[in-house]
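Below is one structure, written out as structure tokens; comments come after it.
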2 protein chains.
Amino acid sequence: MARPSPLSGFPEWLPGERIVEQHVLDTLRRVYELHGFASLETRAVEPMDQLLRKGEIDKEVYVLRRLHAEEGDAGQSPGLGLHFDLTVPFARYVLERAGHLEFPFRRYQIQKVWRGERPQDGRYREFLQADIDIVDRDALAFHHEVDLPLVVLEAFAALPLPLMTMRVNNRKLAEGFYRAVGADDPSLVLRAIDKLDKIGPVKVRPLLADAGLSAAGAQACLDLASISSPDASFADRVRALGVTDPLLDTGLEELVRVLDAAAERAPGRLVADLKIARGLDYYTGTVYETFMAGHEDLGSVCSGGRYDALASDGKASYPGVGVSIGVSRILGRLFKAGALTASRSVPTTVLVAVDDEESRGSSNAVAAALRGRGIPTEVAPSAAKFGKQIRHADRRGIPWVWFPGDSTVKDLRTGDQVAADPADWTPPEADLRPDILSPQTEETHT
Amino acid sequence: MARPSPLSGFPEWLPGERIVEQHVLDTLRRVYELHGFASLETRAVEPMDQLLRKGEIDKEVYVLRRLHAEEGDAGQSPGLGLHFDLTVPFARYVLERAGHLEFPFRRYQIQKVWRGERPQDGRYREFLQADIDIVDRDALAFHHEVDLPLVVLEAFAALPLPLMTMRVNNRKLAEGFYRAVGADDPSLVLRAIDKLDKIGPVKVRPLLADAGLSAAGAQACLDLASISSPDASFADRVRALGVTDPLLDTGLEELVRVLDAAAERAPGRLVADLKIARGLDYYTGTVYETFMAGHEDLGSVCSGGRYDALASDGKASYPGVGVSIGVSRILGRLFKAGALTASRSVPTTVLVAVDDEESRGSSNAVAAALRGRGIPTEVAPSAAKFGKQIRHADRRGIPWVWFPGDSTVKDLRTGDQVAADPADWTPPEADLRPDILSPQTEETHT
């Protein structure tokens with residue numbers, strides 16, 4: 001068999017990169033669980049009618065077919081496709097299991113998703129997303145819209161990633177404002193404003209006219225979109241535009257509460273930005289986008305918002321708030337830039353050398369003693385010359401080599417070799433796991 | 001939207017079950033990493049020609065198609081299917097990345113796999129497998145066949161599962177013996193012996209005749225298959241059959257080494273069983289199957305063996321040894337039997353009550369102080385009556401409720417309520433994570 005080539009759009013990490021990814025996922029999990037979010041995994045497949053329910057056929061679903069499907073099978077069961085996000089499966093899970101869940105239900109979900117899009121920089125066909133949502137039955141208290149982004153910012157602060165800035169807007173604020181300046185269908189205005197960064201105000205203006213706005217109304221919307229601030233001062237600038245509307249007022253008040261809480265609990269990391277639109281129709285309150293310092297061209301790497309009806313079964317509806325982190329998109333970019341590496345390609349802290357095959361048992365005994373005290377240890381695969389055994393450790397970045405013959409342990413970084421007893425020798429705490437290094441990143445949180 | 005129904009064959013756990021699954025996966029990871037195995041994930045898809053390479057079309061592959069595939073797309077790129085195990089993707093990964101890997105390469109891999117089989121008890125269409133393998137380039141030292149099962153048995157010993165017994169055989173032993181008693185194609189004998197448990201010796205005998213064996217030769221093979229022992233004493237019983245062959249001798253010696261090591265390092269958990277055949281052709285040395293006490297009808301829940309050529313690119317071949325644990329199969333059975341549960345459905349240790357919405361900030365401050373010291377904490381979603389807030393905790397199994405008003409904390413299990421300072425109150429260590437309970441299992445390891 002010839003050497004296979006990578007499949008474009010289906011990233012796979014090397015062992016050292018996987019160690020970085022594990023560290024990122026462990027950190028997300030630790031912070032989310034500290035806040036009481038439960039882990040959830042859903043199956044990878046959904047019925048096609050579910051996947052296409054919101055008319056999102058632009059998502060390029062992968063459809064499944066059994067290789068040996070019996071004749072007539074296709075007609076019997078609904079077709080299945082791979083999920084393209086974690087929101088559709090979560091909504092379906094909540095409806096299906098509502099009777100077994102306690103509401104408000106707080107969950108995080110870290111899984112692969114698939115989209116048959118043409119692969120390009122930062123766009124994969126298979127990628128890892130980390131979602132976090134709070135859903136309630138019938139009504140969801142507003143404070144969750146304040147709390148949720150702070151949980152995510154706490155997670156980012158614990159990660160060795162470039163600085164993340166969350167940009168926040170409020171759909172009530174936008175909708176109230178757009179209606180007050182003459183828009184009959186605020187979603188048309190929203191979609192035009194969403195294009196502002198890509199095509200600029202000159203090309204957005206005619207789209208606003210198409211949405212039924214006068215020149216003055218369009219200008220007011222562009223003025224609103226130009227407002228941003230890292231604190232609640234944006235509210236005065238909005239009021240200075242002289243537009244009044246009760247929904248606008250509610251949205252303003254909500255956004256101020258988000259900004260005030262963030263100023264206290266995550267200073268500088270959350271910014272009000274009134275041009276943030278989020279393409280999707282189902283958001284109804286606060287909306288979030290997040291940009292990574294030095295990699296703003298990637299677009300938002302962590303987005304979401306408040307929705308009033310994630311799902312409804314006729315009897316109850318399930319409003320919620322959530323965001324999704326594009327883990328593969330972030331890591332793929334940083335790996336490619338050499339900006340995020342692990343100090344070793346294995347979890348191993350100590351390699352125990354083997355004098356000769358007859359004494360492999362003694363080496364195994366040393367390793368067992370070290371493992372018994374939580375020190376990741378492997379035994380050299382062959383009783384080669386010690387120089388070769390040391391190179392085995394060195395090539396993997398294993399920091400320590402143990403020699404059972406004279407019961408010494410050598411630090412490969414300093415060359416120091418000291419007598420040691422496997423029953424009580426302990427390496428520095430930091431050596432128990434690989435270091436995560438972000439050499440090219442100046443502004444990290446750790 | 002009506003309430004959706006589960007999809008047969010695609011299991012999904014409730015939050016409490018997921019907590020059990022996380023504990024199982026965390027334990028596997030901890031033990032595997034203590035032994036220096038690196039984590040690996042491969043993409044979910046492989047080219048169809050890879051998946052069908054070994055003629056394993058009985059595996060019922062799920063084939064993918066893009067919903068919006070362009071005309072002619074199918075001809076351009078190879079078709080893709082979902083992997084049905086983790087061995088085929090691992091072999092492909094090793095070949096593809098050989099230049100970036102250090103050999104021997106020790107990895108574990110925990111991922112979903114898919115098979116379009118008709119769902120039945122213990123057979124899923126989507127399920128989680130946990131694989132562990134050691135592969136080397138060109139030659140793999142025998143001691144790995146001794147070491148690998150002991151790592152897996154160490155992991156099982158740390159899990160709250162019914163007692164696991166690994167049953168082991170050796171292909172050299174079997175092949176040498178079968179040839180010596182007259183079989184030209186030992187794989188035919190192997191396949192017949194593999195059916196022994198299902199159809200019994202009376203029906204196996206004609207299959208052995210079909211494989212070219214005389215009545216005496218067939219009897220010898222059935223005699224061999226009847227031998228099992230939890231120590232190296234099986235070797236004398238094999239020798240007593242009076243068959244001599246150099247390959248048989250090598251296999252006997254190897255199997256004795258596996259049994260001797262297990263008697264010392266995992267007493268009673270590994271048994272020589274000379275009817276263990278493993279269906280697959282590619283095994284060439286030690287083969288492993290594992291049965292769960294009280295659930296032997298599930299079949300083997302952890303199987304594998306030594307293979308000489310997992311993959312080959314013409315220049316190098318990659319021999320290895322590995323086993324795969326059927327995580328979903330084990331958990332699905334135990335969940336259904338109510339034999340494995342978590343003490344709560346959330347990671348939360350403390351619920352902080354809210355006196356009234358105006359003082360939510362004080363509750364948040366208490367929660368932040370507790371989280372800062374690693375105590376999973378959530379804040380009550382509403383300032384309902386305390387009785388209702390306590391029920392909120394109780395229904396989720398959260399053991400502690402904090403009342404910021406008078407700064408007390410209540411243990412819901414005993415009803416005791418004491419004054420406490422969020423800056424230094426600490427719950428018992430065991431309360432920091434949910435307990436895993438196996439009420440109906442008498443023989444567990446923990």
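How things are named: the first chain in the structure tokens is A, the next is B, and so on; residues count from 1 in each chain; ligands count from 1 in the order shown.
Secondary structure by DSSP on the backbone puts the following residues of stretch 134-229 of chain B in strand (DSSP E or B): Ile134, Val135, Pro162, Met164, Thr165, Met166, Arg167, Val168, Asn169, Asn170, Ser228 and Ser229 of chain B.
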Could you dump the residues just selected with C-alpha atoms as a PDB file, in the first residue's frame?
ATOM      1  CA  ILE B 134       1.982  -0.207  20.462  1.00  0.00           C
ATOM      2  CA  VAL B 135       3.406  -0.283  16.923  1.00  0.00           C
ATOM      3  CA  PRO B 162     -18.039  -5.998  37.252  1.00  0.00           C
ATOM      4  CA  MET B 164     -13.215  -8.530  33.992  1.00  0.00           C
ATOM      5  CA  THR B 165     -11.387 -11.699  32.999  1.00  0.00           C
ATOM      6  CA  MET B 166      -9.059 -11.662  30.023  1.00  0.00           C
ATOM      7  CA  ARG B 167      -8.799 -14.935  28.109  1.00  0.00           C
ATOM      8  CA  VAL B 168      -5.643 -15.374  26.100  1.00  0.00           C
ATOM      9  CA  ASN B 169      -4.329 -17.665  23.399  1.00  0.00           C
ATOM     10  CA  ASN B 170      -1.426 -17.600  20.973  1.00  0.00           C
ATOM     11  CA  SER B 228      -7.633 -23.464  30.029  1.00  0.00           C
ATOM     12  CA  SER B 229      -5.847 -22.407  33.213  1.00  0.00           C
TER      13      SER B 229
END
(request) Fewer than 2 positions away in the same chain doesn't count, so skip those; otherwise give me all residues within 9 Å of A:Phe103, counting only C-alpha atoms, as number ranges by chain. (result) A: 98, 101, 105-106, 134-137; B: 392
Could those selected residues go to a file with N, CA and C atoms, as a PDB file, in the first residue's frame?
ATOM      1  N   ALA A  98     -37.048  15.871  27.575  1.00  0.00           N
ATOM      2  CA  ALA A  98     -37.493  16.915  28.502  1.00  0.00           C
ATOM      3  C   ALA A  98     -37.984  16.335  29.829  1.00  0.00           C
ATOM      4  N   LEU A 101     -35.072  15.679  32.256  1.00  0.00           N
ATOM      5  CA  LEU A 101     -34.099  16.744  32.533  1.00  0.00           C
ATOM      6  C   LEU A 101     -34.660  17.699  33.580  1.00  0.00           C
ATOM      7  N   PHE A 105     -31.600  23.864  32.438  1.00  0.00           N
ATOM      8  CA  PHE A 105     -30.640  22.807  32.142  1.00  0.00           C
ATOM      9  C   PHE A 105     -29.383  23.471  31.596  1.00  0.00           C
ATOM     10  N   ARG A 106     -28.270  23.259  32.296  1.00  0.00           N
ATOM     11  CA  ARG A 106     -27.004  23.870  31.922  1.00  0.00           C
ATOM     12  C   ARG A 106     -26.086  22.776  31.409  1.00  0.00           C
ATOM     13  N   ILE A 134     -27.547  27.437  28.408  1.00  0.00           N
ATOM     14  CA  ILE A 134     -28.506  27.296  29.512  1.00  0.00           C
ATOM     15  C   ILE A 134     -29.889  27.394  28.878  1.00  0.00           C
ATOM     16  N   VAL A 135     -30.721  26.366  29.040  1.00  0.00           N
ATOM     17  CA  VAL A 135     -32.099  26.454  28.535  1.00  0.00           C
ATOM     18  C   VAL A 135     -33.060  26.258  29.692  1.00  0.00           C
ATOM     19  N   ASP A 136     -34.171  26.937  29.588  1.00  0.00           N
ATOM     20  CA  ASP A 136     -35.210  26.762  30.600  1.00  0.00           C
ATOM     21  C   ASP A 136     -36.516  26.441  29.884  1.00  0.00           C
ATOM     22  N   ARG A 137     -37.531  26.088  30.681  1.00  0.00           N
ATOM     23  CA  ARG A 137     -38.827  25.794  30.086  1.00  0.00           C
ATOM     24  C   ARG A 137     -39.699  27.041  30.176  1.00  0.00           C
TER      25      ARG A 137
ATOM     26  N   HIS B 392     -34.486  22.507  44.154  1.00  0.00           N
ATOM     27  CA  HIS B 392     -33.665  22.628  42.942  1.00  0.00           C
ATOM     28  C   HIS B 392     -32.374  21.824  43.108  1.00  0.00           C
TER      29      HIS B 392
END
Could you give me, as an mmCIF file with N, CA and C atoms, in the first residue's frame, the residues within 10 Å of B:Asp249, counting only C-alpha atoms and dropping anything in the same chain fewer than 3 positions from it?
data_model
loop_
_atom_site.group_PDB
_atom_site.id
_atom_site.type_symbol
_atom_site.label_atom_id
_atom_site.label_comp_id
_atom_site.auth_asym_id
_atom_site.auth_seq_id
_atom_site.Cartn_x
_atom_site.Cartn_y
_atom_site.Cartn_z
ATOM 1 N N LYS B 172 0.631 -18.667 17.235
ATOM 2 C CA LYS B 172 1.728 -19.572 16.850
ATOM 3 C C LYS B 172 1.479 -20.958 17.438
ATOM 4 N N LEU B 173 1.061 -20.954 18.711
ATOM 5 C CA LEU B 173 0.725 -22.206 19.380
ATOM 6 C C LEU B 173 -0.350 -22.952 18.577
ATOM 7 N N GLY B 176 0.915 -23.918 14.883
ATOM 8 C CA GLY B 176 1.877 -25.014 14.946
ATOM 9 C C GLY B 176 1.182 -26.340 15.255
ATOM 10 N N PHE B 177 0.275 -26.303 16.214
ATOM 11 C CA PHE B 177 -0.446 -27.515 16.614
ATOM 12 C C PHE B 177 -1.312 -28.034 15.456
ATOM 13 N N ALA B 235 0.495 -25.430 29.995
ATOM 14 C CA ALA B 235 1.554 -25.877 29.085
ATOM 15 C C ALA B 235 1.782 -27.383 29.201
ATOM 16 N N ARG B 239 1.451 -30.231 26.305
ATOM 17 C CA ARG B 239 2.529 -31.181 25.980
ATOM 18 C C ARG B 239 2.042 -32.617 26.122
ATOM 19 N N VAL B 243 1.822 -33.695 20.841
ATOM 20 C CA VAL B 243 2.074 -33.098 19.525
ATOM 21 C C VAL B 243 3.344 -32.256 19.627
ATOM 22 N N THR B 244 4.267 -32.400 18.671
ATOM 23 C CA THR B 244 5.488 -31.585 18.720
ATOM 24 C C THR B 244 5.658 -30.824 17.418
ATOM 25 N N ASP B 245 6.090 -29.591 17.561
ATOM 26 C CA ASP B 245 6.241 -28.700 16.409
ATOM 27 C C ASP B 245 7.007 -27.477 16.902
ATOM 28 N N PRO B 246 7.984 -26.987 16.133
ATOM 29 C CA PRO B 246 8.772 -25.830 16.614
ATOM 30 C C PRO B 246 7.926 -24.577 16.822
ATOM 31 N N LEU B 252 3.908 -21.732 22.805
ATOM 32 C CA LEU B 252 3.748 -22.180 24.194
ATOM 33 C C LEU B 252 4.602 -21.324 25.123
ATOM 34 N N GLU B 253 5.855 -21.129 24.716
ATOM 35 C CA GLU B 253 6.786 -20.362 25.540
ATOM 36 C C GLU B 253 6.285 -18.925 25.709
ATOM 37 N N GLU B 254 5.778 -18.342 24.614
ATOM 38 C CA GLU B 254 5.265 -16.965 24.688
ATOM 39 C C GLU B 254 4.064 -16.874 25.626
ATOM 40 N N LEU B 255 3.144 -17.833 25.472
ATOM 41 C CA LEU B 255 1.932 -17.771 26.289
ATOM 42 C C LEU B 255 2.277 -17.964 27.771
#
(request) Write out as number ranges by chain all residues of stretch 134-215 of chain A that DSSP puts in helix (DSSP H, G or I) for this structure's backbone. (result) A: 143-157, 171-180, 186-194, 196-210, 215
Saved selection, atoms kept: C-alpha atoms, as a tab-separated table (two decimals), in the first residue's frame:
chain	number	residue	atom	x	y	z
A	143	HIS	CA	-29.40	37.26	34.25
A	144	HIS	CA	-28.29	34.16	32.31
A	145	GLU	CA	-27.42	36.47	29.38
A	146	VAL	CA	-25.06	38.26	31.79
A	147	ASP	CA	-23.63	35.13	33.41
A	148	LEU	CA	-22.94	32.96	30.38
A	149	PRO	CA	-20.38	35.14	28.54
A	150	LEU	CA	-18.49	35.61	31.83
A	151	VAL	CA	-18.11	31.84	32.17
A	152	VAL	CA	-16.66	31.65	28.67
A	153	LEU	CA	-14.33	34.61	29.28
A	154	GLU	CA	-13.15	32.90	32.49
A	155	ALA	CA	-12.31	29.83	30.39
A	156	PHE	CA	-10.43	31.90	27.80
A	157	ALA	CA	-8.48	33.59	30.62
A	171	ARG	CA	-31.34	42.29	19.26
A	172	LYS	CA	-34.05	44.21	21.14
A	173	LEU	CA	-31.92	47.33	21.00
A	174	ALA	CA	-31.33	46.88	17.26
A	175	GLU	CA	-34.88	45.88	16.39
A	176	GLY	CA	-36.43	48.72	18.43
A	177	PHE	CA	-34.07	51.23	16.85
A	178	TYR	CA	-34.58	49.98	13.27
A	179	ARG	CA	-38.38	50.03	13.63
A	180	ALA	CA	-38.29	53.50	15.19
A	186	PRO	CA	-35.81	44.82	10.97
A	187	SER	CA	-34.28	41.50	9.86
A	188	LEU	CA	-33.54	43.03	6.43
A	189	VAL	CA	-31.66	45.87	8.13
A	190	LEU	CA	-29.84	43.37	10.33
A	191	ARG	CA	-28.68	41.41	7.31
A	192	ALA	CA	-27.44	44.61	5.61
A	193	ILE	CA	-25.56	45.75	8.76
A	194	ASP	CA	-24.06	42.24	9.02
A	196	LEU	CA	-20.76	46.24	6.92
A	197	ASP	CA	-17.32	44.81	7.70
A	198	LYS	CA	-17.13	42.99	4.39
A	199	ILE	CA	-18.47	45.52	1.87
A	200	GLY	CA	-18.35	48.90	3.70
A	201	PRO	CA	-20.99	51.61	4.28
A	202	VAL	CA	-21.13	52.80	0.65
A	203	LYS	CA	-22.44	49.44	-0.52
A	204	VAL	CA	-24.59	48.88	2.59
A	205	ARG	CA	-26.52	52.14	2.10
A	206	PRO	CA	-28.50	50.90	-0.96
A	207	LEU	CA	-29.31	47.67	0.92
A	208	LEU	CA	-30.77	49.79	3.72
A	209	ALA	CA	-32.81	51.68	1.14
A	210	ASP	CA	-34.05	48.33	-0.18
A	215	ALA	CA	-31.75	58.35	3.68
(message) Ranking A:Ala383, A:Ala216, A:Ala353, A:Ala211 by minimum distance to chain B and counting only C-alpha atoms, which one comes first?
(response) A:Ala383
